[in-house]
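So the structure is just underneath, and the comments pick up after that.
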Amino acid sequence: MSRYRKAHSSPPSRQTMNRTDLPGLYVHTPFCKTRCPYCDFCSGADASLIDGWLNGVLREARMYPGARPFDSLYIGGGTPSLLDGLQMAKLISGLNEIFRFADATELTVEMNPDDVTREKLECYRSLGVNRISLGVQSFVEEEVRFLGRRHNALQAISAVEAVAGAGFREFSIDLMYGLPGQTIEAWQGTLEKAVSFSPDHLSCYQLTVEGNTPFVRMAREGKLVMPDDAFQADLFVTTSEYLTGAGFLHYEVSNFAHGAGKVARHNVKYWQHTPYLGLGPSAHSFAGRKRWWNVRDAARYLESIHGGHVPVEGSEELSSSQMNLEKLLFGSRTIWGINVRDIVPPPSEERIRELCDSGYITYESRRILPTLKGYLFADKLPLMIL
Ligand code: SF4
């Protein structure tokens, strides 16, 4: 019998999947008290710039008059939970004055466990925040320390308890696997702990060593030895099997929702070519076939804004073949798979049959649906399909 099962029985309907065609709004908060040694995000800005950044983001928002209503607002980072209640209130009410938002807009704020207090949670909730994404990464003390997080395992537990009891519509926990020396048992222990809090959503990312980070330098010097691909695959399969067994839907390679209605509406837009607007340093936007991105450096971002310029660093117009490739790439990562009618030229029936026989995909109603094995090879699957 194949080691891999189907990632799902068949994709849930659009109505039950928390998906719409309305655009999403992202705000990038480029501040962190300290840098985690694996992180290559735009996150090192000096926290004394928060008020300037806040004014900058609202100014940037006014540069997009006539934007369509949004149905998701995702305040990510960096560490948005460094914003105190007044700053968060200014951001959210400012965006509400400038833009229109649909009823029941999904409003997510990313939080670090060390910033979680009951007062802050109450304040965020009173501002309309209805979804918290908590960056726990691990419940094992040595792992949290290895990752250079600002919280410890006990703080992580208290933070999740506080968020779970704060009355938000949904909360999600971010976890990380594939750490040097991590055992299957230790990882499963973290998953079990996370599930014990009944989260609505879990994101489980494999630790990657890339970019300009201390971990990359340590790996180059032989001070960091990552698990091999076979063990990473075991961890991935363990994750999927455990969480689907606990009632989660494995709807994207790294993402699990406790039921179709708990899929992260905002993130899905990135994989579906639904338009989104990004504000703040390094934020990316997409509409039609155009993608554009802001300058990464917070000081340069503010200079640009205060000079009256849109702080865009670069843009690209996707050709038909690039759109094709992205549809294949995104479809290989998600439960919705690939509609063969969207691919020009469509893959041959023989190719599809071979991939079905090898256990990478299933084929239903003209959709190519990745299996768990397909998810595992999601980066290579598009080339196999073409
Ligand atoms: S808290 Fe998040 S954004 Fe900040 S350095 Fe750590 S991983 Fe990066």
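Residue numbering restarts at 1 in every chain; chains get A, B, ... in the order shown in the structure tokens, and ligands count up from 1 in that same order.
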*Report as a list in words which protein, DNA and RNA residues come within 9 Å of ligand 1, using only C-alpha atoms and all ligand atoms.*
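I would give the residues around ligand 1 as Thr29, Pro30, Phe31, Cys32, Lys33, Thr34, Arg35, Cys36, Pro37, Tyr38, Cys39, Asp40, Phe41, Cys42, Ser43, Gly44, Gly76, Gly77, Gly78, Thr79, Met111, Asn112, Gly135, Leu147, Gly148, Arg149 and Arg150 of chain A.
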Given the selection you just returned, output its residues as a file containing C-alpha atoms, formatted as a compact mmCIF listing (two decimals), in the first residue's frame.
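Dumped everything to out-v6.txt:
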```txt
# COMPACT_ATOMS: atom_id res chain seq x y z
CA THR A 29 4.62 46.06 10.48
CA PRO A 30 8.43 46.01 10.17
CA PHE A 31 9.29 46.02 13.89
CA CYS A 32 10.68 43.31 16.18
CA LYS A 33 12.31 43.73 19.58
CA THR A 34 15.01 41.24 18.56
CA ARG A 35 15.70 39.25 15.40
CA CYS A 36 15.19 35.48 15.35
CA PRO A 37 18.28 33.90 13.75
CA TYR A 38 16.31 32.09 11.01
CA CYS A 39 14.21 35.05 9.94
CA ASP A 40 14.72 36.84 6.65
CA PHE A 41 11.54 38.92 6.77
CA CYS A 42 11.56 42.68 6.73
CA SER A 43 11.48 43.03 10.49
CA GLY A 44 14.43 44.86 11.95
CA GLY A 76 1.35 41.04 9.85
CA GLY A 77 5.03 41.51 10.34
CA GLY A 78 7.45 41.77 11.95
CA THR A 79 5.56 42.05 15.20
CA MET A 111 0.92 38.31 17.89
CA ASN A 112 4.06 37.16 19.62
CA GLY A 135 3.71 32.79 16.64
CA LEU A 147 14.98 29.45 17.55
CA GLY A 148 15.99 32.58 19.45
CA ARG A 149 12.41 33.46 20.31
CA ARG A 150 11.70 36.13 22.90
```
*asked:* With only C-alpha atoms as the counted atoms, please give the residues lying no more than 6 Å from region 274-286 of chain A, apart from itself and same-chain residues fewer than 3 positions off, as a VMD selection string.
replied: chain A and resid 23 to 28 57 269 290 to 296 298 301
Among region 84-114 of chain A, which ones does DSSP assign to helix (DSSP H, G or I) (computed from the backbone)? Answer as a PDB file with C-alpha atoms, in the first residue's frame.
```pdb
ATOM      1  CA  GLY A  85      -3.947  49.856  22.024  1.00  0.00           C
ATOM      2  CA  LEU A  86      -3.868  53.485  20.887  1.00  0.00           C
ATOM      3  CA  GLN A  87      -1.587  52.743  17.957  1.00  0.00           C
ATOM      4  CA  MET A  88      -3.683  49.763  16.852  1.00  0.00           C
ATOM      5  CA  ALA A  89      -6.843  51.866  17.215  1.00  0.00           C
ATOM      6  CA  LYS A  90      -5.339  54.610  15.046  1.00  0.00           C
ATOM      7  CA  LEU A  91      -4.334  52.082  12.385  1.00  0.00           C
ATOM      8  CA  ILE A  92      -7.654  50.233  12.219  1.00  0.00           C
ATOM      9  CA  SER A  93      -9.903  53.288  12.460  1.00  0.00           C
ATOM     10  CA  GLY A  94      -7.714  55.141   9.937  1.00  0.00           C
ATOM     11  CA  LEU A  95      -8.012  52.286   7.427  1.00  0.00           C
ATOM     12  CA  ASN A  96     -11.766  52.161   8.044  1.00  0.00           C
ATOM     13  CA  GLU A  97     -12.051  55.857   7.192  1.00  0.00           C
ATOM     14  CA  ILE A  98     -10.060  55.476   3.974  1.00  0.00           C
ATOM     15  CA  PRO A 113       3.452  35.264  22.888  1.00  0.00           C
ATOM     16  CA  ASP A 114       5.570  37.727  24.902  1.00  0.00           C
TER      17      ASP A 114
END
```
_When you look at Glu364 (chain A) with a cut-off of 12 Å (counting only C-alpha atoms), what residues show up, excluding the ones that are within fewer than 3 positions of it in the same chain? I need them as a list in words._
Ser9, Ser10, Pro11, Trp336, Gly337, Ile338, Asn339, Val340, Ile352, Arg353, Cys356, Ile361, Arg367, Ile368, Leu369 and Pro370 of chain A
May I have the residues from that selection written out with C-alpha atoms, as a short mmCIF file (atom, residue, chain, number, x, y, z; two decimals), in the first residue's frame?
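Done, and the output landed in selection-v6.cif:
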```
data_model
loop_
_atom_site.label_atom_id
_atom_site.label_comp_id
_atom_site.auth_asym_id
_atom_site.auth_seq_id
_atom_site.Cartn_x
_atom_site.Cartn_y
_atom_site.Cartn_z
CA SER A 9 -11.56 13.18 -0.02
CA SER A 10 -12.66 15.86 -2.49
CA PRO A 11 -12.38 19.64 -2.21
CA TRP A 336 -8.34 23.18 -4.83
CA GLY A 337 -5.71 21.81 -7.16
CA ILE A 338 -5.52 22.79 -10.82
CA ASN A 339 -8.37 23.18 -13.25
CA VAL A 340 -6.91 21.73 -16.46
CA ILE A 352 -2.24 12.79 -15.86
CA ARG A 353 -2.70 9.01 -15.75
CA CYS A 356 -2.26 9.32 -10.76
CA ILE A 361 -2.39 13.36 -7.81
CA ARG A 367 -9.25 19.04 -11.70
CA ILE A 368 -5.79 17.79 -10.81
CA LEU A 369 -5.76 17.39 -7.03
CA PRO A 370 -2.45 16.87 -5.21
#
```
*Report as a VMD selection string: the residues of region 97-210 of chain A with a DSSP assignment of strand (DSSP E), based on the backbone of this structure.*
chain A and resid 101 to 111 131 to 137 170 to 177 201 to 206
*Determine, counting only C-alpha atoms, which protein, DNA and RNA residues have an atom within 9 Å of an atom of region 155-160 of chain A; residues of the same chain fewer than 5 positions away are not included. Present the result as a list of chain:residue names.*
A:Asn112, A:Pro113, A:Asp114, A:Asp115, A:Val116, A:Thr117, A:Leu134, A:Gly135, A:Val136, A:Gln137, A:Ser138, A:Phe139, A:Gly165, A:Ile173, A:Lys193, A:Ala194, A:Phe197, A:Pro199
*asked:* Could you tell me how far CA of Leu372 (chain A) sits from CA of Pro346 (chain A), in Å to one decimal place?
replied: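 Value for the CA of Pro346 (chain A)-CA of Leu372 (chain A) distance: 22.9 Å.
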